[in-house]
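Q: Just one file: query.cif, with mmCIF, C-alpha atoms and all ligand atoms.
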data_query
loop_
_atom_site.label_atom_id
_atom_site.label_comp_id
_atom_site.auth_asym_id
_atom_site.auth_seq_id
_atom_site.Cartn_x
_atom_site.Cartn_y
_atom_site.Cartn_z
CA MET A 152 -3.31 13.47 -15.88
CA LEU A 153 -2.10 9.92 -15.14
CA TYR A 154 0.73 10.19 -17.67
CA GLN A 155 1.72 13.65 -16.45
CA THR A 156 1.93 12.28 -12.88
CA ILE A 157 4.02 9.29 -14.02
CA LYS A 158 6.40 11.70 -15.79
CA GLN A 159 6.75 13.90 -12.70
CA ILE A 160 8.17 11.05 -10.58
CA GLY A 161 11.90 11.60 -10.21
CA GLU A 162 14.93 9.96 -8.65
CA LEU A 163 15.76 10.17 -4.95
CA ASP A 164 17.94 13.10 -3.86
CA ARG A 165 21.36 11.40 -3.44
CA LYS A 166 22.94 14.50 -1.89
CA ALA A 167 20.34 14.67 0.89
CA MET A 168 20.79 10.93 1.48
CA GLU A 169 24.56 11.33 1.83
CA GLU A 170 24.03 14.23 4.24
CA ALA A 171 21.57 12.15 6.29
CA GLN A 172 23.97 9.19 6.40
CA LYS A 173 26.79 11.46 7.54
CA ARG A 174 24.62 12.93 10.29
CA LEU A 175 23.51 9.41 11.39
CA ASP A 176 27.16 8.34 11.60
CA SER A 177 27.94 11.33 13.83
CA LEU A 178 25.17 10.60 16.39
CA ILE A 179 25.89 9.20 19.85
CA LYS A 180 25.54 5.48 19.09
CA PRO A 181 27.68 2.66 17.70
CA PRO A 182 27.67 2.72 13.87
CA GLY A 183 24.38 1.54 12.35
CA SER A 184 22.94 0.57 15.73
CA LEU A 185 19.48 1.97 15.02
CA GLY A 186 19.15 -0.59 12.24
CA VAL A 187 16.14 -0.23 9.98
CA LEU A 188 15.27 3.16 11.54
CA GLU A 189 18.49 4.45 9.96
CA GLU A 190 17.55 3.01 6.57
CA ILE A 191 14.17 4.74 6.84
CA ALA A 192 15.82 8.04 7.82
CA VAL A 193 18.14 7.91 4.80
CA ARG A 194 15.33 7.06 2.42
CA LEU A 195 13.13 9.84 3.81
CA ALA A 196 15.98 12.25 3.08
CA GLY A 197 16.12 10.97 -0.51
CA ILE A 198 12.36 11.24 -0.92
CA THR A 199 11.92 14.71 0.58
CA GLY A 200 15.29 16.21 -0.38
CA LYS A 201 15.77 17.19 3.30
CA ALA A 202 18.27 15.52 5.63
CA LYS A 203 16.05 16.35 8.60
CA PRO A 204 12.42 16.15 7.48
CA ARG A 205 9.58 16.65 9.94
CA VAL A 206 6.26 14.76 9.79
CA GLN A 207 3.70 17.53 9.71
CA GLY A 208 0.51 15.64 8.96
CA LYS A 209 -0.47 12.02 8.39
CA SER A 210 -3.30 10.55 6.33
CA VAL A 211 -4.50 6.97 5.92
CA ILE A 212 -6.32 6.63 2.60
CA VAL A 213 -8.66 3.64 2.35
CA MET A 214 -9.94 2.83 -1.14
CA ALA A 215 -13.05 0.62 -1.28
CA GLY A 216 -14.53 -1.42 -4.11
CA ASP A 217 -16.61 -4.53 -4.79
CA HIS A 218 -15.73 -7.55 -6.90
CA GLY A 219 -17.83 -9.52 -9.38
CA VAL A 220 -15.68 -12.59 -8.71
CA VAL A 221 -17.43 -12.96 -5.33
CA ASP A 222 -20.10 -14.77 -7.43
CA GLU A 223 -17.61 -17.67 -7.61
CA GLY A 224 -17.86 -18.12 -3.82
CA VAL A 225 -14.25 -17.04 -3.06
CA SER A 226 -14.73 -15.29 0.32
CA VAL A 227 -16.09 -16.17 3.76
CA ALA A 228 -17.88 -12.81 3.91
CA PRO A 229 -21.03 -11.72 2.08
CA ARG A 230 -20.43 -8.80 -0.32
CA GLU A 231 -22.48 -6.28 1.72
CA VAL A 232 -19.70 -6.42 4.35
CA THR A 233 -17.67 -4.01 2.15
CA VAL A 234 -20.12 -1.18 2.72
CA GLN A 235 -20.88 -2.15 6.32
CA MET A 236 -17.15 -1.96 7.11
CA MET A 237 -16.87 1.44 5.41
CA GLN A 238 -19.58 2.66 7.78
CA ALA A 239 -17.68 1.19 10.75
CA MET A 240 -14.52 2.94 9.49
CA VAL A 241 -16.09 6.40 9.33
CA ASN A 242 -17.69 5.73 12.72
CA GLY A 243 -14.16 5.14 14.07
CA VAL A 244 -14.87 1.62 15.33
CA ALA A 245 -13.20 -0.54 12.64
CA GLY A 246 -9.61 -1.72 13.18
CA ILE A 247 -8.33 1.14 11.05
CA GLY A 248 -10.53 3.62 12.91
CA VAL A 249 -8.70 2.70 16.10
CA LEU A 250 -5.20 2.49 14.61
CA ALA A 251 -5.46 5.70 12.56
CA ARG A 252 -6.55 7.49 15.74
CA HIS A 253 -3.67 5.84 17.62
CA ALA A 254 -1.29 7.19 14.93
CA ALA A 255 -2.94 10.65 15.08
CA ALA A 256 -3.64 10.32 11.35
CA ARG A 257 -6.59 11.55 9.33
CA LEU A 258 -8.67 8.66 7.97
CA VAL A 259 -10.04 9.16 4.47
CA VAL A 260 -12.42 6.48 3.17
CA VAL A 261 -13.09 6.60 -0.58
CA ASP A 262 -15.83 4.83 -2.55
CA VAL A 263 -14.12 4.18 -5.87
CA GLY A 264 -16.34 1.26 -6.83
CA VAL A 265 -18.70 -0.26 -4.29
CA LEU A 266 -22.00 -1.80 -5.34
CA THR A 267 -24.36 0.20 -3.17
CA PRO A 268 -25.99 3.12 -4.97
CA VAL A 269 -26.48 5.00 -1.68
CA ALA A 270 -23.89 7.60 -0.63
CA LEU A 271 -22.46 6.86 2.80
CA GLN A 272 -22.10 9.78 5.20
CA GLY A 273 -18.46 10.68 5.73
CA VAL A 274 -17.23 8.67 2.73
CA VAL A 275 -15.58 10.47 -0.21
CA GLN A 276 -17.76 9.70 -3.27
CA ARG A 277 -15.61 8.94 -6.31
CA LYS A 278 -17.33 5.86 -7.69
CA VAL A 279 -16.02 4.94 -11.17
CA ARG A 280 -18.44 2.02 -11.50
CA ALA A 281 -20.52 -0.15 -9.15
CA GLY A 282 -18.18 -3.11 -8.68
CA THR A 283 -16.00 -4.96 -11.18
CA GLY A 284 -17.04 -7.68 -13.62
CA ASN A 285 -16.35 -11.29 -12.66
CA ILE A 286 -12.71 -11.80 -13.69
CA ALA A 287 -13.21 -15.58 -13.97
CA ALA A 288 -15.53 -14.86 -16.91
CA GLY A 289 -14.19 -11.63 -18.45
CA PRO A 290 -12.38 -8.38 -17.70
CA ALA A 291 -12.75 -6.60 -14.35
CA MET A 292 -13.20 -3.23 -16.05
CA SER A 293 -12.31 -1.30 -19.20
CA ARG A 294 -8.91 0.29 -19.67
CA ASP A 295 -10.57 3.68 -19.47
CA GLU A 296 -12.21 2.83 -16.12
CA ALA A 297 -8.83 1.66 -14.81
CA VAL A 298 -7.34 5.04 -15.75
CA GLN A 299 -10.25 6.88 -14.11
CA ALA A 300 -9.79 4.92 -10.86
CA LEU A 301 -6.02 5.55 -10.93
CA GLU A 302 -6.74 9.26 -11.32
CA VAL A 303 -9.13 9.21 -8.33
CA GLY A 304 -6.23 7.90 -6.25
CA ILE A 305 -3.83 10.54 -7.55
CA GLU A 306 -6.33 13.31 -6.78
CA VAL A 307 -7.17 12.08 -3.28
CA ALA A 308 -3.47 11.65 -2.39
CA GLN A 309 -2.58 15.09 -3.69
CA SER A 310 -5.50 16.80 -1.96
CA GLU A 311 -4.33 15.25 1.33
CA ILE A 312 -0.82 16.55 0.62
CA ASP A 313 -2.23 20.01 -0.25
CA ALA A 314 -4.11 19.95 3.08
CA GLY A 315 -0.81 19.45 4.95
CA SER A 316 -0.10 15.71 5.12
CA ASN A 317 3.44 14.67 4.29
CA LEU A 318 3.20 11.01 5.28
CA LEU A 319 0.57 8.82 3.60
CA ALA A 320 -0.61 5.29 4.36
CA THR A 321 -2.60 3.07 2.00
CA GLY A 322 -5.53 0.87 3.00
CA ASP A 323 -8.12 -1.26 1.20
CA MET A 324 -11.64 -2.52 1.77
CA GLY A 325 -13.32 -4.93 -0.63
CA ILE A 326 -14.81 -8.34 -0.02
CA GLY A 327 -13.22 -10.71 -2.54
CA ASN A 328 -10.20 -8.51 -3.24
CA THR A 329 -7.51 -11.05 -2.36
CA THR A 330 -8.63 -12.93 -5.52
CA PRO A 331 -7.72 -10.14 -8.02
CA SER A 332 -4.62 -9.37 -5.94
CA SER A 333 -3.44 -12.98 -6.39
CA ALA A 334 -4.23 -12.77 -10.11
CA ILE A 335 -2.07 -9.62 -10.36
CA LEU A 336 0.79 -11.38 -8.54
CA ALA A 337 0.48 -14.41 -10.84
CA ALA A 338 0.39 -12.21 -13.96
CA PHE A 339 3.41 -10.05 -13.08
CA GLY A 340 5.48 -12.74 -11.34
CA GLY A 341 4.72 -15.65 -13.66
CA TYR A 342 3.35 -17.71 -10.76
CA THR A 343 0.64 -20.34 -11.02
CA ALA A 344 -2.76 -19.63 -9.46
CA GLU A 345 -1.88 -22.11 -6.73
CA GLU A 346 1.40 -20.39 -5.83
CA ALA A 347 -0.18 -16.93 -5.76
CA THR A 348 -3.30 -17.76 -3.74
CA GLY A 349 -3.80 -17.45 0.01
CA ARG A 350 -6.74 -17.83 2.34
CA GLY A 351 -7.93 -14.19 2.44
CA THR A 352 -10.63 -13.94 5.10
CA MET A 353 -9.58 -17.53 6.12
CA VAL A 354 -11.42 -19.68 3.63
CA ASN A 355 -11.45 -23.45 4.18
CA ASP A 356 -9.95 -26.04 1.81
CA GLU A 357 -13.15 -26.35 -0.20
CA VAL A 358 -13.36 -22.61 -0.87
CA MET A 359 -9.62 -22.48 -1.49
CA LYS A 360 -10.13 -24.86 -4.44
CA LEU A 361 -12.87 -22.62 -5.86
CA LYS A 362 -10.60 -19.59 -5.42
CA ILE A 363 -7.60 -21.17 -7.16
CA SER A 364 -9.88 -22.31 -10.00
CA ALA A 365 -11.38 -18.80 -10.35
CA ILE A 366 -7.88 -17.26 -10.52
CA ALA A 367 -6.66 -19.85 -13.05
CA ARG A 368 -9.73 -19.17 -15.21
CA ALA A 369 -9.25 -15.38 -14.85
CA LEU A 370 -5.69 -15.72 -16.19
CA ALA A 371 -6.64 -18.14 -19.00
CA LYS A 372 -9.69 -16.15 -20.10
CA ASN A 373 -8.22 -12.63 -19.93
CA ARG A 374 -4.58 -13.35 -20.84
CA PRO A 375 -3.25 -10.20 -19.11
CA ASP A 376 -0.03 -8.90 -20.69
CA PRO A 377 2.62 -8.55 -17.92
CA GLU A 378 4.45 -5.98 -20.05
CA ASP A 379 1.35 -3.74 -19.97
CA ALA A 380 0.45 -2.80 -16.39
CA LEU A 381 -2.84 -1.17 -17.39
CA ASP A 382 -3.86 -4.35 -19.20
CA VAL A 383 -3.23 -6.44 -16.06
CA LEU A 384 -5.07 -3.92 -13.86
CA ALA A 385 -8.10 -3.62 -16.15
CA LYS A 386 -8.43 -7.34 -16.88
CA VAL A 387 -7.79 -8.98 -13.49
CA GLY A 388 -7.57 -6.08 -11.00
CA GLY A 389 -10.04 -4.10 -8.95
CA LEU A 390 -11.27 -0.52 -8.65
CA GLU A 391 -9.79 -0.01 -5.16
CA ILE A 392 -6.53 -1.60 -6.34
CA ALA A 393 -6.41 0.92 -9.20
CA GLY A 394 -7.23 3.77 -6.80
CA LEU A 395 -4.44 2.66 -4.47
CA ALA A 396 -1.91 2.46 -7.31
CA GLY A 397 -2.97 6.05 -8.04
CA VAL A 398 -2.41 7.08 -4.40
CA ILE A 399 1.14 5.69 -4.60
CA LEU A 400 1.92 7.44 -7.90
CA GLY A 401 0.36 10.68 -6.65
CA ALA A 402 2.49 10.59 -3.49
CA ALA A 403 5.68 9.78 -5.42
CA ALA A 404 5.09 12.62 -7.87
CA ARG A 405 4.89 15.00 -4.90
CA ARG A 406 8.00 13.51 -3.22
CA THR A 407 5.93 12.19 -0.31
CA PRO A 408 6.65 8.88 1.45
CA VAL A 409 3.80 6.36 1.21
CA LEU A 410 3.37 3.33 3.44
CA ILE A 411 2.21 0.13 1.77
CA ASP A 412 -0.04 -2.09 3.90
CA GLY A 413 -0.77 -5.77 3.16
CA PHE A 414 -1.57 -8.09 0.26
CA ILE A 415 -4.00 -5.85 -1.62
CA THR A 416 -2.12 -2.57 -1.30
CA THR A 417 1.06 -4.40 -2.34
CA ALA A 418 -0.74 -5.65 -5.48
CA ALA A 419 -1.47 -1.96 -6.12
CA ALA A 420 2.19 -1.16 -5.44
CA LEU A 421 3.16 -3.71 -8.12
CA VAL A 422 0.90 -1.96 -10.61
CA ALA A 423 2.39 1.44 -9.69
CA PHE A 424 5.91 0.01 -10.02
CA LYS A 425 5.15 -1.46 -13.45
CA LEU A 426 3.68 1.87 -14.59
CA GLN A 427 6.67 3.80 -13.24
CA PRO A 428 9.61 1.81 -11.78
CA LYS A 429 10.91 4.96 -10.01
CA SER A 430 7.78 5.00 -7.81
CA ARG A 431 9.20 2.05 -5.82
CA GLN A 432 11.68 4.33 -4.07
CA TYR A 433 8.86 6.32 -2.48
CA MET A 434 7.20 3.22 -0.98
CA ILE A 435 7.83 1.99 2.55
CA ALA A 436 6.65 -1.62 3.06
CA SER A 437 5.06 -1.47 6.50
CA HIS A 438 4.50 -5.11 7.43
CA LEU A 439 4.58 -8.69 6.21
CA SER A 440 1.00 -9.87 5.94
CA GLY A 441 -0.02 -13.35 7.04
CA GLU A 442 -1.50 -13.80 3.54
CA GLN A 443 0.42 -16.39 1.53
CA GLY A 444 2.02 -14.71 -1.46
CA HIS A 445 2.68 -11.36 0.20
CA ARG A 446 6.39 -12.13 0.44
CA LEU A 447 6.48 -13.02 -3.27
CA MET A 448 5.02 -9.59 -4.04
CA LEU A 449 7.51 -7.77 -1.79
CA ASP A 450 10.34 -9.74 -3.43
CA LEU A 451 9.20 -8.59 -6.89
CA LEU A 452 9.35 -5.04 -5.54
CA ASP A 453 12.61 -5.68 -3.66
CA LEU A 454 11.07 -4.10 -0.54
CA ARG A 455 11.68 -5.24 3.04
CA PRO A 456 8.76 -5.01 5.49
CA VAL A 457 9.41 -3.08 8.72
CA ILE A 458 7.22 -5.05 11.15
CA HIS A 459 6.12 -8.69 11.39
CA LEU A 460 2.95 -9.07 13.43
CA GLN A 461 1.14 -11.80 11.44
CA MET A 462 -1.63 -9.28 10.69
CA ARG A 463 -3.89 -9.89 7.67
CA LEU A 464 -6.77 -7.51 8.22
CA GLY A 465 -6.04 -4.99 5.49
CA GLU A 466 -7.80 -1.58 5.84
CA GLY A 467 -4.36 0.05 6.19
CA THR A 468 -3.87 -1.27 9.73
CA GLY A 469 -0.22 -2.35 9.30
CA ALA A 470 0.61 0.86 7.47
CA ALA A 471 -1.00 3.00 10.18
CA LEU A 472 0.96 1.19 12.91
CA THR A 473 4.22 1.79 11.05
CA MET A 474 3.59 5.54 10.77
CA SER A 475 4.89 6.10 14.28
CA LEU A 476 8.13 4.25 13.42
CA VAL A 477 8.65 6.47 10.37
CA GLU A 478 8.00 9.51 12.53
CA ALA A 479 10.45 8.14 15.11
CA ALA A 480 13.13 7.99 12.39
CA THR A 481 12.61 11.70 11.65
CA LYS A 482 12.87 12.52 15.35
CA ILE A 483 16.17 10.62 15.60
CA MET A 484 17.48 12.88 12.84
CA ARG A 485 16.16 16.07 14.40
CA GLU A 486 16.63 15.50 18.12
CA MET A 487 19.52 13.10 18.74
CA ALA A 488 22.89 14.72 19.50
CA SER A 489 26.24 14.09 17.84
CA PHE A 490 29.37 13.03 19.79
CA ASP A 491 30.60 16.64 19.56
CA GLU A 492 27.31 18.22 20.65
CA ALA A 493 26.85 15.89 23.63
CA GLY A 494 30.50 15.84 24.69
CA VAL A 495 30.80 12.05 24.31
CA SER A 496 34.29 10.76 23.47
CA ASP A 497 34.81 9.76 19.83
CA LEU A 498 34.88 6.06 18.96
CA GLU A 499 38.24 4.55 18.06
CA GLU A 500 38.11 4.52 14.23
CA ASP A 501 40.78 1.83 13.79
CA LYS A 502 38.73 -0.63 15.87
CA ILE A 503 35.45 -0.25 13.94
CA LEU A 504 34.47 -3.13 11.62
CA LYS A 505 34.61 -1.82 8.04
O1 LIG B 1 -4.06 -6.85 3.85
C1 LIG B 1 -4.00 -8.09 3.80
O2 LIG B 1 -2.92 -8.67 3.75
C2 LIG B 1 -5.29 -8.86 3.78
C3 LIG B 1 -5.26 -10.26 3.73
C4 LIG B 1 -6.46 -10.95 3.74
C5 LIG B 1 -7.68 -10.26 3.76
N1 LIG B 1 -7.70 -8.91 3.80
C6 LIG B 1 -9.01 -8.16 3.83
O3 LIG B 1 -10.08 -9.06 3.67
C7 LIG B 1 -10.88 -8.74 2.55
C8 LIG B 1 -10.55 -9.65 1.40
O4 LIG B 1 -10.56 -11.01 1.73
P1 LIG B 1 -11.35 -12.02 0.76
O5 LIG B 1 -11.22 -13.37 1.43
O6 LIG B 1 -12.78 -11.53 0.78
O7 LIG B 1 -10.71 -11.94 -0.55
C9 LIG B 1 -10.53 -7.31 2.16
O8 LIG B 1 -11.47 -6.41 2.67
C10 LIG B 1 -9.14 -7.12 2.73
O9 LIG B 1 -8.99 -5.82 3.28
C11 LIG B 1 -6.54 -8.22 3.83
C1 LIG B 2 -15.39 -8.30 9.20
C2 LIG B 2 -14.36 -7.99 8.13
C3 LIG B 2 -13.57 -6.83 8.25
C4 LIG B 2 -12.63 -6.53 7.24
N1 LIG B 2 -11.76 -5.55 7.07
C5 LIG B 2 -11.10 -5.73 5.94
N2 LIG B 2 -11.56 -6.83 5.37
C6 LIG B 2 -12.51 -7.38 6.14
C7 LIG B 2 -13.27 -8.53 6.00
C8 LIG B 2 -14.19 -8.84 7.00
C9 LIG B 2 -15.02 -10.09 6.88
#
Please express what this file holds, its structure, as structure tokens.
Ligand SMILES: O=C(O)c1ccc[n+]([C@@H]2O[C@H](COP(=O)([O-])O)[C@@H](O)[C@H]2O)c1
Ligand SMILES: Cc1cc2nc[nH]c2cc1C
A:
Amino acid sequence: MLYQTIKQIGELDRKAMEEAQKRLDSLIKPPGSLGVLEEIAVRLAGITGKAKPRVQGKSVIVMAGDHGVVDEGVSVAPREVTVQMMQAMVNGVAGIGVLARHAAARLVVVDVGVLTPVALQGVVQRKVRAGTGNIAAGPAMSRDEAVQALEVGIEVAQSEIDAGSNLLATGDMGIGNTTPSSAILAAFGGYTAEEATGRGTMVNDEVMKLKISAIARALAKNRPDPEDALDVLAKVGGLEIAGLAGVILGAAARRTPVLIDGFITTAAALVAFKLQPKSRQYMIASHLSGEQGHRLMLDLLDLRPVIHLQMRLGEGTGAALTMSLVEAATKIMREMASFDEAGVSDLEEDKILK
């Protein structure tokens, strides 16, 4: 199913993009004056094949997993916080609970690999295994488990689309998950552990040293092959990272725009891109995370973040906030009048900067 999904991902619809650009240029404004909103509008046309798409339903999909590498002491938070935060999410009181509600989006929380054996009320149960292995000592998971977690993401994304959502946002929850995300960045980008590592939940200098050492050992021990995305994902990734890469591929295969959140979801975006380079065109980078290394990831993807709020919470919070901007771009296309329609005098063509 993974390979079928990867094969289904096509190119953007250039004709719809040209039509959208033409319409934008006819609207009552100086050329290009809505800036990035115009870029989003054109890309949405390419993704959906419609010059004037309408956002009909929004879903934020949070994938959650635990990490064996927490044994190395790489986070400020104890591992049980993963599950406690999932509970807070379904109760609507976590950051993403608030911001998904603010965006009028459905919030879907998926257990793709948390340690607790108990099923949480309101959480979608798709556990592939109970947490990853410690990447500083061996692989995170098997190749087969990585495929299973990717397929969970594809299925959840496509069931949200089947239920009427046509704008998706990605979110993550997993204590310790900035460590595998940094390892993924180092593996794909050829960076050292030091260059790829940030402070996550705000670890101090002492913990930072442990974290860099754990990532360096993870790379040396596992030797992930950057030419083989599944190898990188299985050896130094995470279950929620795999699930999120699946969400992105599943959305792209169904020509649905998908908002990328922060450091962890962008690591997943890198995996999706390496599995299918065409998937990149369906991604909208929502924000620039405060996590060191996020910009390096976005540069590898050649994506430009829409908002800069120094957020580094994860959970899909930056992606949820950006949903309303994406929706605004569709409304510009649908509701703003042209010079002709509004009876505004045409601009003087010979005076416009070309
Ligand atoms: O999204 C981000 O950019 C981001 C940056 C730093 C931390 N986080 C969140 O914090 C947790 C991981 O931090 P850590 O220090 O435990 O690796 C995880 O649950 C993430 O959602 C998220
Ligand atoms: C409290 C808390 C909330 C989070 N949300 C995402 N990662 C998190 C990490 C912590 C520690």
Q: Of the residues A:Gln207, A:Ser496, A:Asn355, A:Thr321, which is the one nearest to A:Gly394, using all atoms listed in the file?
A: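 Closest to A:Gly394, using all atoms listed in the file: A:Thr321.
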Q: Can you tell me, as lines of an AutoDock Vina configuration file, the centre and edge lengths (Å, one decimal) of the axis-aligned box enclosing all of ligand LIG 2 (chain B)'s listed atoms after padding each side by 8 Å?
A:
center_x = -13.2
center_y = -7.8
center_z = 7.3
size_x = 20.3
size_y = 20.5
size_z = 19.8
Q: What does the distance from atom CA of A:Leu381 to atom CA of A:Ala344 come to in Å, to one decimal?
A: 20.1 Å
Q: From the set A:Ser210, A:Gln159, A:Thr417, A:Gln276, which residue has the shortest atom-to-atom contact distance to A:Asn317, counting all atoms listed in the file?
A: A:Ser210
Q: Give the residues close to ligand LIG 1 (chain B), within 8 Å, counting only C-alpha atoms and all ligand atoms; write them as an MDAnalysis selection string.
A: chainID A and resid 221 225:228 233 322:330 349:354 412:416 439:442 445 462:467
Q: Go through A:Arg252, A:Lys362, A:Arg230, A:His459 one by one, measure the shortest atom-to-atom distance of each to ligand LIG 2 (chain B) using all atoms listed in the file, and give the residue with the smallest value.
A: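 Using all atoms listed in the file, the shortest distance to ligand LIG 2 (chain B) belongs to A:Arg230.
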Q: Just checking: using all atoms listed in the file, which residue out of A:Val234, A:Leu195, A:Leu410, A:Ala171 ends up closest to ligand LIG 2 (chain B)?
A: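 The closest residue to ligand LIG 2 (chain B) is A:Val234.
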Q: As a list in words, please: the residues near A:Met484 (cut-off 8 Å, all atoms listed in the file, same-chain neighbours under 6 positions excluded).
A: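 Neighbouring residues, sequence-local ones excluded: Ala171, Arg174, Leu175, Ala192, Ala202 and Lys203 of chain A.
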Q: List every protein, DNA or RNA residue that has an atom no more than 12 Å from (0.3, -1.8, -13.1) in the file's coordinate frame, counting all atoms listed in the file, and report them as a PyMOL selection string.
A: chain A and resi 157+294+297-298+301+332+335-336+338-339+375-389+392-397+399-400+417-428+430
Q: Could you tell me how far atom CA of A:Met168 lies from atom CA of A:Val187, in Å and to one decimal?
A: 14.8 Å
Q: In the coordinate frame of the file, compute which residues have an atom within 10 Å of (-15.1, -9.5, -18.0) when using all atoms listed in the file, and state them as a list of chain:residue names.
A: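 Every residue inside that radius is included here: A:Gly219, A:Val220, A:Thr283, A:Gly284, A:Asn285, A:Ile286, A:Ala287, A:Ala288, A:Gly289, A:Pro290, A:Ala291, A:Met292, A:Ser293, A:Ala369, A:Lys372, A:Asn373, A:Ala385, A:Lys386, A:Val387.
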Q: Hey, can you check how far atom CA of A:Arg405 sits from atom CA of A:Val211?
A: 16.4 Å
Q: Nearest residue to A:Ser310 out of A:Val241, A:Ala470, A:Val398, A:Ile366, using all atoms listed in the file?
A: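 Once distances to A:Ser310 are computed over all atoms listed in the file, the minimum belongs to A:Val398.
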